[in-house]
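Q: Please find work-v8.cif (mmCIF, C-alpha atoms and all ligand atoms) on the next line:
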```cif
data_my_file
#
loop_
_atom_site.label_atom_id
_atom_site.label_comp_id
_atom_site.auth_asym_id
_atom_site.auth_seq_id
_atom_site.Cartn_x
_atom_site.Cartn_y
_atom_site.Cartn_z
CA MET I 104 19.79 -5.14 61.65
CA PRO I 105 17.85 -2.10 60.53
CA ASN I 106 18.48 -0.41 57.19
CA GLN I 107 20.23 -3.26 55.43
CA PRO I 108 22.14 -2.02 52.39
CA SER I 109 20.48 -2.69 49.05
CA TYR I 110 23.64 -4.25 47.62
CA TRP I 111 23.13 -7.22 49.94
CA SER I 112 19.74 -8.22 48.59
CA ASN I 113 19.74 -6.48 45.19
CA PRO I 114 23.36 -6.06 44.09
CA THR I 115 22.55 -5.72 40.39
CA LEU I 116 20.65 -2.44 40.80
CA LYS I 117 22.64 0.14 38.87
CA GLU I 118 20.88 3.48 39.40
CA HIS I 119 20.21 5.06 42.79
CA PRO I 120 18.90 8.46 43.83
CA VAL I 121 21.34 9.82 46.42
CA THR I 122 21.83 12.93 48.54
CA VAL I 123 25.26 14.52 48.55
CA THR I 124 26.10 15.76 52.04
CA ARG I 125 29.60 17.16 51.57
CA CYS I 126 32.59 17.36 49.25
CA ARG I 127 36.15 18.05 50.27
CA ALA I 128 39.55 17.79 48.62
CA ALA I 129 41.77 14.92 49.81
CA GLY I 130 45.08 15.19 47.99
CA GLU I 131 44.53 14.57 44.28
CA VAL I 132 40.95 13.34 44.78
CA PHE I 133 37.71 14.54 46.36
CA GLU I 134 35.73 12.83 49.07
CA VAL I 135 32.01 13.06 48.48
CA GLY I 136 29.71 12.00 51.31
CA ILE I 137 26.30 10.55 50.52
CA LYS I 138 23.44 9.85 52.89
CA GLU I 139 22.32 6.50 51.44
CA ASN I 140 24.34 3.29 51.78
CA VAL I 141 23.75 2.10 48.21
CA VAL I 142 27.40 1.46 47.35
CA ARG I 143 29.71 -0.70 49.39
CA PRO I 144 32.70 0.90 51.08
CA GLU I 145 36.02 -0.91 51.11
CA GLY I 146 36.22 -3.27 54.06
CA GLY I 147 36.35 -6.87 55.18
CA GLY I 148 38.92 -7.60 52.48
CA GLN I 149 36.79 -6.35 49.60
CA ALA I 150 37.56 -3.24 47.52
CA GLY I 151 35.06 -0.39 47.41
CA ASP I 152 32.48 0.13 44.67
CA GLN I 153 33.21 2.38 41.70
CA GLY I 154 30.80 4.33 39.52
CA THR I 155 29.55 7.73 38.38
CA LEU I 156 27.65 10.58 39.98
CA LEU I 157 25.29 12.61 37.81
CA VAL I 158 25.17 16.10 39.28
CA GLN I 159 23.42 18.88 37.34
CA GLY I 160 24.07 17.25 33.97
CA LYS I 161 27.74 16.58 34.79
CA ARG I 162 29.14 13.06 35.13
CA VAL I 163 31.76 12.63 37.84
CA ARG I 164 33.52 9.31 38.20
CA PHE I 165 34.34 7.85 41.59
CA ILE I 166 37.14 5.30 41.79
CA ASP I 167 36.55 3.96 45.27
CA THR I 168 34.11 4.00 48.16
CA VAL I 169 35.22 4.32 51.77
CA LEU I 170 33.62 4.81 55.17
CA ARG I 171 34.37 8.22 56.80
CA ASP I 172 32.92 8.81 60.27
CA GLY I 173 30.33 6.16 59.55
CA GLU I 174 29.22 7.84 56.32
CA THR I 175 29.41 6.29 52.84
CA THR I 176 32.03 8.39 51.04
CA LEU I 177 32.83 8.32 47.32
CA VAL I 178 36.41 8.96 46.21
CA ALA I 179 35.78 11.18 43.16
CA GLU I 180 38.18 12.41 40.49
CA GLN I 181 36.53 15.86 40.40
CA PRO I 182 34.68 17.97 42.94
CA VAL I 183 30.88 17.90 42.94
CA GLN I 184 28.44 20.54 44.11
CA VAL I 185 26.55 19.77 47.29
CA VAL I 186 23.13 20.26 45.76
CA GLY I 187 21.12 17.50 47.36
CA ALA I 188 19.26 15.14 45.03
CA THR I 189 21.62 13.41 42.62
CA THR I 190 21.79 10.13 40.69
CA LEU I 191 24.47 7.54 41.33
CA GLU I 192 25.34 4.89 38.75
CA VAL I 193 27.24 1.85 40.00
CA ASP I 194 30.04 0.58 37.74
CA MET I 195 28.40 -2.81 37.28
CA GLU I 196 31.38 -4.35 35.51
CA TRP I 197 33.59 -3.69 38.55
CA ARG I 198 30.92 -4.71 41.04
CA LYS I 199 29.90 -7.90 39.20
CA ALA I 200 33.54 -8.93 38.91
CA MET I 201 33.89 -8.45 42.68
CA MET I 202 30.69 -10.43 43.29
CA ARG I 203 31.99 -13.32 41.15
CA ASN I 204 35.43 -13.27 42.78
CA HIS I 205 33.95 -13.05 46.28
CA THR I 206 31.39 -15.86 46.00
CA ALA I 207 33.98 -18.04 44.24
CA GLU I 208 36.33 -17.41 47.17
CA HIS I 209 33.67 -18.62 49.63
CA ILE I 210 33.14 -21.87 47.73
CA PHE I 211 36.88 -22.39 47.26
CA VAL I 212 37.80 -21.86 50.92
CA GLY I 213 34.72 -23.83 52.05
CA SER I 214 35.84 -26.74 49.91
CA LEU I 215 39.42 -26.54 51.24
CA ARG I 216 38.05 -26.53 54.78
CA ARG I 217 36.09 -29.72 54.15
CA MET I 218 39.37 -31.41 53.17
CA VAL I 219 41.51 -29.69 55.84
CA PRO I 220 39.10 -28.93 58.72
CA ASP I 221 41.51 -26.92 60.93
CA LEU I 222 42.27 -24.25 58.33
CA GLN I 223 41.76 -20.72 59.61
CA PRO I 224 41.02 -17.68 57.43
CA GLY I 225 43.95 -15.30 56.99
CA TYR I 226 44.54 -12.30 54.74
CA ILE I 227 41.94 -11.68 52.08
CA TRP I 228 41.63 -9.14 49.26
CA ILE I 229 39.00 -9.11 46.56
CA ASP I 230 38.52 -6.51 43.86
CA GLY I 231 37.22 -6.31 40.31
CA ARG I 232 40.34 -7.84 38.83
CA HIS I 233 41.25 -10.74 41.04
CA GLY I 234 41.27 -12.13 44.56
CA THR I 235 43.91 -13.21 47.06
CA VAL I 236 43.16 -15.42 50.03
CA GLU I 237 45.31 -16.93 52.74
CA VAL I 238 44.52 -19.85 54.97
CA THR I 239 46.59 -20.69 58.03
CA GLY I 240 47.06 -23.38 60.66
CA ARG I 241 47.65 -26.40 58.44
CA ALA I 242 49.45 -27.36 55.24
CA VAL I 243 47.51 -27.58 51.97
CA THR I 244 48.72 -29.76 49.11
CA ILE I 245 48.61 -28.81 45.45
CA GLU I 246 46.23 -31.74 44.86
CA GLN I 247 43.84 -30.32 47.47
CA MET I 248 44.07 -26.93 45.78
CA ILE I 249 43.18 -28.45 42.41
CA THR I 250 40.33 -30.45 43.96
CA ALA I 251 38.93 -27.29 45.58
CA GLU I 252 39.18 -25.45 42.26
CA ALA I 253 37.26 -28.26 40.54
CA GLU I 254 34.67 -28.14 43.33
CA VAL I 255 34.10 -24.42 42.66
CA GLN I 256 33.51 -25.20 38.99
CA ARG I 257 31.10 -28.02 39.93
CA VAL I 258 29.06 -25.73 42.21
CA VAL I 259 29.05 -23.12 39.43
CA SER I 260 27.59 -25.63 36.97
CA LEU I 261 24.89 -26.65 39.49
CA ASN I 262 23.73 -23.01 39.54
CA VAL I 263 22.57 -23.03 43.16
CA PRO I 264 21.03 -19.91 44.72
CA VAL I 265 23.23 -17.65 46.86
CA THR I 266 21.17 -16.24 49.71
CA SER I 267 21.84 -14.20 52.79
CA ASP I 268 20.12 -13.42 56.04
CA VAL I 269 20.96 -11.49 59.16
CA VAL I 270 21.00 -13.50 62.37
CA SER I 271 21.88 -12.84 65.98
CA SER I 272 25.49 -13.75 66.83
CA ASP I 273 24.35 -15.80 69.83
CA SER I 274 22.23 -18.13 67.75
CA LEU I 275 24.81 -18.65 65.00
CA ASP I 276 24.94 -22.20 63.68
CA PRO I 277 28.43 -23.66 64.38
CA SER I 278 28.69 -24.78 60.74
CA VAL I 279 28.84 -21.12 59.65
CA ARG I 280 32.40 -20.01 58.89
CA THR I 281 33.39 -16.90 60.81
CA ARG I 282 36.59 -15.04 61.43
CA GLU I 283 37.93 -15.08 64.93
CA GLY I 284 36.39 -12.40 67.11
CA VAL I 285 33.60 -11.54 64.68
CA THR I 286 30.80 -12.96 66.82
CA SER I 287 31.91 -10.99 69.89
CA LYS I 288 32.29 -7.75 67.89
CA HIS I 289 28.80 -7.77 66.35
CA ASP I 290 25.41 -8.55 67.89
CA MET I 291 23.97 -9.35 64.48
CA LEU I 292 25.74 -11.02 61.59
CA ARG I 293 24.93 -11.46 57.94
CA VAL I 294 25.31 -15.05 56.80
CA VAL I 295 25.88 -15.77 53.11
CA ARG I 296 24.87 -19.25 51.93
CA VAL I 297 25.85 -20.88 48.65
CA GLY I 298 23.16 -23.57 48.44
CA GLU I 299 24.18 -26.39 50.76
CA PHE I 300 27.86 -25.93 49.99
CA ASP I 301 28.96 -23.07 52.17
CA SER I 302 27.75 -20.68 54.90
CA SER I 303 29.94 -17.79 55.94
CA ALA I 304 29.52 -14.62 57.94
CA CYS I 305 30.26 -11.90 55.38
CA SER I 306 29.33 -8.30 54.59
CA GLY I 307 30.54 -8.43 50.98
CA THR I 308 28.70 -8.38 47.68
CA HIS I 309 27.82 -11.72 46.11
CA VAL I 310 26.26 -13.17 42.98
CA LEU I 311 22.65 -14.30 43.28
CA ASN I 312 23.27 -17.73 41.74
CA SER I 313 26.50 -19.69 41.66
CA GLY I 314 26.16 -20.03 37.87
CA ASP I 315 26.79 -16.26 37.60
CA ILE I 316 30.44 -16.89 38.53
CA GLY I 317 31.10 -18.45 35.12
CA PHE I 318 34.68 -19.60 35.12
CA PHE I 319 36.97 -19.86 38.15
CA LYS I 320 40.72 -20.28 38.04
CA VAL I 321 43.53 -20.27 40.59
CA ILE I 322 46.28 -18.28 38.88
CA ASP I 323 49.02 -18.50 41.50
CA TYR I 324 49.71 -20.12 44.84
CA LYS I 325 52.24 -20.40 47.63
CA LEU I 326 52.13 -23.45 49.85
CA GLU I 327 53.76 -23.27 53.25
CA GLU I 328 54.28 -25.60 56.17
CA SER I 329 51.37 -24.13 58.03
CA GLY I 330 49.17 -22.38 55.52
CA ALA I 331 48.78 -21.32 51.94
CA ARG I 332 48.12 -18.29 49.78
CA PHE I 333 46.09 -18.37 46.59
CA GLU I 334 45.49 -15.84 43.87
CA PHE I 335 42.47 -16.42 41.70
CA MET I 336 40.18 -14.93 39.09
CA ALA I 337 36.55 -15.56 38.22
CA GLY I 338 34.28 -14.66 35.32
CA ASP I 339 35.42 -12.72 32.24
CA GLY I 340 38.89 -11.96 33.61
CA ALA I 341 39.57 -15.66 34.16
CA THR I 342 38.21 -16.58 30.73
CA GLU I 343 40.35 -13.95 29.01
CA LEU I 344 43.48 -15.06 30.84
CA ALA I 345 42.90 -18.76 30.10
CA SER I 346 42.20 -17.95 26.46
CA ARG I 347 45.34 -15.80 26.13
CA LEU I 348 47.52 -18.51 27.68
CA LEU I 349 46.03 -21.28 25.55
CA ASN I 350 46.60 -19.17 22.43
CA MET I 351 50.28 -18.82 23.33
CA VAL I 352 50.43 -22.61 23.41
CA LEU I 353 48.31 -22.99 20.28
CA MET I 354 50.63 -20.73 18.27
CA ARG I 355 53.51 -23.13 19.04
CA LYS I 356 51.61 -26.40 18.98
CA HIS I 357 52.24 -27.29 15.34
CA ASP I 358 55.71 -26.01 14.67
CA PHE I 359 57.17 -27.45 17.86
CA PRO I 360 55.14 -29.89 17.78
CA PHE I 361 53.45 -31.31 20.89
CA GLU I 362 50.05 -32.22 22.28
CA TYR I 363 48.35 -30.14 24.97
CA ASP I 364 48.80 -32.96 27.48
CA GLN I 365 52.56 -32.85 26.91
CA LEU I 366 52.93 -29.16 27.77
CA GLY I 367 54.09 -29.91 31.31
CA ALA I 368 56.69 -32.37 30.00
CA VAL I 369 57.81 -29.82 27.39
CA LEU I 370 58.37 -27.19 30.09
CA ASP I 371 60.22 -29.71 32.29
CA ARG I 372 62.40 -30.64 29.31
CA ALA I 373 63.15 -26.98 28.61
CA LYS I 374 64.27 -26.54 32.20
CA THR I 375 66.51 -29.62 31.98
CA LEU I 376 67.93 -28.48 28.64
CA LEU I 377 68.75 -25.08 30.04
CA ALA I 378 70.60 -26.63 32.98
CA GLU I 379 72.44 -29.02 30.63
CA ARG I 380 73.32 -26.18 28.27
CA ASN I 381 74.83 -24.11 31.07
CA GLU I 382 76.82 -27.11 32.23
CA LEU I 383 78.06 -27.69 28.67
CA LEU I 384 79.09 -24.04 28.29
CA GLU I 385 80.98 -24.18 31.56
CA GLY I 386 82.78 -27.31 30.37
CA PHE I 387 83.63 -25.68 27.08
CA GLU I 388 84.82 -22.55 28.84
CA GLN I 389 87.11 -24.69 30.96
CA ILE I 390 88.65 -26.47 27.94
CA MET I 391 89.17 -23.15 26.19
CA THR I 392 90.84 -21.46 29.11
CA GLU I 393 93.01 -24.42 30.06
CA ARG I 394 94.12 -25.38 26.55
CA PRO I 395 93.58 -22.45 24.23
CA LEU I 396 94.48 -23.14 20.59
CA ALA I 397 96.28 -20.35 18.77
CA GLU I 398 97.63 -19.97 15.29
CA ASP I 399 100.81 -18.00 14.71
CA VAL I 400 100.43 -14.91 12.55
CA LYS I 401 103.90 -13.49 12.10
CA GLY I 402 104.80 -13.76 15.77
CA ILE I 403 101.33 -12.87 17.07
CA ALA I 404 99.34 -15.64 18.75
CA PHE I 405 95.86 -15.45 17.22
CA PHE I 406 93.01 -17.20 19.03
CA HIS I 407 89.55 -17.34 17.50
CA GLU I 408 86.47 -19.26 18.62
CA TYR I 409 82.91 -19.61 17.33
CA LEU I 410 80.78 -19.93 20.49
CA PRO I 411 77.05 -20.65 20.10
CA GLY I 412 75.15 -20.06 23.35
CA PHE I 413 77.73 -17.68 24.82
CA ASP I 414 76.74 -14.16 25.70
CA THR I 415 79.08 -11.17 25.91
CA GLY I 416 79.47 -11.60 29.67
CA ARG I 417 80.56 -15.22 29.38
CA MET I 418 83.00 -14.37 26.55
CA LYS I 419 84.54 -11.55 28.62
CA HIS I 420 84.84 -14.05 31.45
CA VAL I 421 86.85 -16.37 29.16
CA VAL I 422 89.16 -13.48 28.18
CA LYS I 423 89.70 -12.68 31.84
CA LYS I 424 90.55 -16.28 32.71
CA ILE I 425 93.12 -16.77 29.95
CA SER I 426 96.28 -14.93 30.85
CA LEU I 427 97.56 -13.60 27.54
CA LYS I 428 101.35 -13.62 27.27
CA GLY I 429 103.36 -11.92 24.55
CA PRO I 430 101.81 -10.40 21.41
CA THR I 431 98.31 -11.86 21.25
CA ALA I 432 94.94 -11.26 19.57
CA MET I 433 91.76 -13.11 20.53
CA LEU I 434 88.41 -13.09 18.75
CA LEU I 435 85.38 -14.64 20.42
CA PHE I 436 82.17 -14.72 18.39
CA SER I 437 78.71 -15.82 19.52
CA PRO I 438 76.12 -16.26 16.75
CA GLY I 439 72.42 -15.51 17.18
CA GLU I 440 69.72 -13.03 16.28
CA LYS I 441 72.35 -10.58 17.38
CA CYS I 442 75.94 -11.79 16.97
CA ASN I 443 78.21 -10.68 19.79
CA ILE I 444 81.92 -10.09 19.42
CA VAL I 445 84.65 -9.81 22.02
CA PHE I 446 88.13 -8.94 20.77
CA ALA I 447 91.08 -8.81 23.14
CA ILE I 448 94.72 -8.00 22.50
CA ASN I 449 98.00 -8.04 24.39
CA GLU I 450 101.29 -6.28 23.66
CA LEU I 451 100.30 -4.95 20.23
CA ARG I 452 101.23 -1.47 19.01
CA VAL I 453 97.60 -0.66 18.11
CA THR I 454 94.41 -0.66 20.21
CA ALA I 455 91.74 -3.34 20.06
CA GLU I 456 89.29 -0.74 18.73
CA GLU I 457 91.65 0.23 15.90
CA ILE I 458 91.74 -3.34 14.66
CA ALA I 459 88.23 -4.66 15.33
CA GLY I 460 86.27 -1.39 15.15
CA GLN I 461 86.76 -0.86 11.41
CA LEU I 462 85.83 -4.48 10.62
CA ILE I 463 82.64 -4.33 12.69
CA ARG I 464 81.67 -0.95 11.24
CA ALA I 465 82.18 -2.32 7.73
CA LEU I 466 79.61 -5.00 8.61
CA HIS I 467 77.21 -2.27 9.90
CA GLY I 468 77.81 -3.32 13.48
CA LYS I 469 78.48 -1.28 16.60
CA GLY I 470 80.94 -1.54 19.42
CA GLY I 471 83.53 0.05 21.66
CA GLY I 472 85.86 -0.64 24.54
CA SER I 473 89.17 -0.04 26.23
CA ARG I 474 92.71 -0.27 24.84
CA ASP I 475 92.96 -4.03 25.13
CA LEU I 476 89.34 -5.10 24.93
CA TYR I 477 86.69 -4.38 22.32
CA THR I 478 83.08 -5.59 22.44
CA GLY I 479 80.63 -5.24 19.60
CA GLY I 480 77.48 -6.58 18.05
CA LEU I 481 76.05 -7.31 14.62
CA THR I 482 72.35 -7.47 13.87
CA GLY I 483 70.46 -9.06 10.98
CA VAL I 484 73.21 -11.56 10.24
CA ARG I 485 71.84 -14.31 7.96
CA GLN I 486 74.88 -16.57 7.81
CA PRO I 487 76.74 -16.08 11.10
CA ARG I 488 79.26 -18.85 10.37
CA GLU I 489 80.30 -17.13 7.12
CA THR I 490 80.47 -13.74 8.83
CA TYR I 491 82.72 -15.28 11.48
CA GLU I 492 85.04 -16.85 8.86
CA GLN I 493 85.15 -13.50 7.08
CA LEU I 494 86.12 -11.70 10.30
CA VAL I 495 88.83 -14.27 11.06
CA GLY I 496 90.23 -13.84 7.52
CA SER I 497 90.24 -10.04 7.73
CA LEU I 498 91.84 -10.09 11.19
CA ARG I 499 94.53 -12.52 10.04
CA GLN I 500 95.34 -10.14 7.22
CA LEU I 501 95.39 -7.06 9.49
CA LEU I 502 97.56 -8.78 12.10
CA SER I 503 100.09 -9.95 9.51
CA GLY I 504 100.49 -6.33 8.40
CA LEU I 505 101.35 -5.03 11.87
ZN ZN I 601 33.12 -13.03 52.26
#
```
As structure tokens, how would this structure be written, given the file I've shared?
Ligand SMILES: [Zn+2]
A:
Amino acid sequence: MPNQPSYWSNPTLKEHPVTVTRCRAAGEVFEVGIKENVVRPEGGGQAGDQGTLLVQGKRVRFIDTVLRDGETTLVAEQPVQVVGATTLEVDMEWRKAMMRNHTAEHIFVGSLRRMVPDLQPGYIWIDGRHGTVEVTGRAVTIEQMITAEAEVQRVVSLNVPVTSDVVSSDSLDPSVRTREGVTSKHDMLRVVRVGEFDSSACSGTHVLNSGDIGFFKVIDYKLEESGARFEFMAGDGATELASRLLNMVLMRKHDFPFEYDQLGAVLDRAKTLLAERNELLEGFEQIMTERPLAEDVKGIAFFHEYLPGFDTGRMKHVVKKISLKGPTAMLLFSPGEKCNIVFAINELRVTAEEIAGQLIRALHGKGGGSRDLYTGGLTGVRQPRETYEQLVGSLRQLLSGL
């Protein structure tokens, strides 16, 4: 293959002399054609290069590279003059991140394929932030995914060279991974080898040694009956994410307390507790609605309940389910960082707002509602139980004066 792009053999070269051939507006951006293929256009599931053009002392950033009529075209944020000789600077952070993600993807999929030989390559996307890859044809288990992830890390630590050469499609070794139809579409193919671990036909940018990948982590997955989808990160992005997550755990490790190994069990327990709590609330709601307990305040039935764990919606639901008969007042109170109040009345000469509104306002709370239903909230309550008792006392007094 004549004129092989420099980013195949020397991807860490940052500065390139280039010749601008054209510049035209394309919506909000400008497409700048260059003669030399020194930056990689988007394609084959890999995002385009980013960088800066230095034209007559002005720096113009390009946020993508695409192929237009066979010409390398930069997607620039500003127009540039077509003046010929110019310098292009590759955004090495973006490119190196893509190189790490891409080579890591090869090792990961190669390792999966050794465990599940019939897997076929599906959708793939790799950019400077993360990568997504799909495999189809067979099921993959979570254990196989974890084994493949560990295999990537092992190959990284062995620091094996990543090499590439261009071979004729006819003489392609059957051990080389290719996408369906690739060999018939191209006479010559570039084969990327990660030591002895993987050989794939690929036109992307890759690290020069597996050790350059640093850290590799699957960050999400979806396993299906006949295939799987993985999202992953490599290098600095993966390290930052892992560090951020571990710090979230670390900040809770001592006051909870638990050991790192128990984190999975803690999360499982939280899920169980949440389910149990909802069940408990439903049970409580049922008791309350079937056998509500009221006190008599001068002919008015006065219900009041202190309801930890209830939100406003659930309390309104309770009000709806109890059919209030005769003169009635009902206060439902849920304590928390924000205490929520639902106050309902029936057959009283005043509105719910007239009774509850003044009490809530006196406690620096807010609320509102219709004639028979008032909802409100109180923030910064230190002793919610006392506040509740206080509200009940004040309401009892107000109701007895009606
Ligand atoms: Zn590739």
Q: With all atoms listed in the file as the basis for distance, which of I:Gly146, I:Pro224, I:Gly284, I:Gly213 is at the shortest distance from Glu254 of chain I?
A: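 Under the stated criterion, the closest residue is I:Gly213.
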Q: Residues of segment 287-340 of chain I that approach segment 180-201 of chain I to 10 Å or less, counting all atoms listed in the file: could you list each one with the shortest pair of atoms and its distance in Å to one decimal, rows by chain and increasing residue number, as a tab-separated table?
A:
```
residue	atom	partner	partner_atom	distance
I:Gly307	CA	I:Met201	CA	9.0
I:Thr308	CA	I:Met201	CA	7.2
I:His309	CA	I:Met201	CA	7.7
I:Val310	CA	I:Lys199	CA	7.4
I:Asp315	CA	I:Lys199	CA	9.1
I:Ile316	CA	I:Ala200	CA	8.6
I:Met336	CA	I:Ala200	CA	9.0
I:Ala337	CA	I:Ala200	CA	7.3
I:Gly338	CA	I:Ala200	CA	6.8
I:Asp339	CA	I:Ala200	CA	7.9
I:Gly340	CA	I:Ala200	CA	8.1
```
Q: Please indicate the distance in Å from atom CA of Ala251 of chain I to atom CA of Ile210 of chain I, rounded to one decimal place.
A: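 Taking atom CA of Ala251 of chain I and atom CA of Ile210 of chain I, their separation equals 8.2 Å.
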Q: So which residues are near ligand ZN 601 (chain I), meaning at most 12 Å away with only C-alpha atoms and all ligand atoms counted, given back as a ChimeraX atom specification?
A: /I:111,146-150,201-213,224,226-230,234-236,267,279-282,293-297,301-310
Q: With a distance cut-off of 7 Å and only C-alpha atoms, select the neighbouring residues of segment 493-499 of chain I, excluding the residue or stretch itself and same-chain residues fewer than 4 positions from it, and output the selection as a list of chain:residue names.
A: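 Listing them by chain and then by number gives I:Val400, I:Glu489, I:Ser503.
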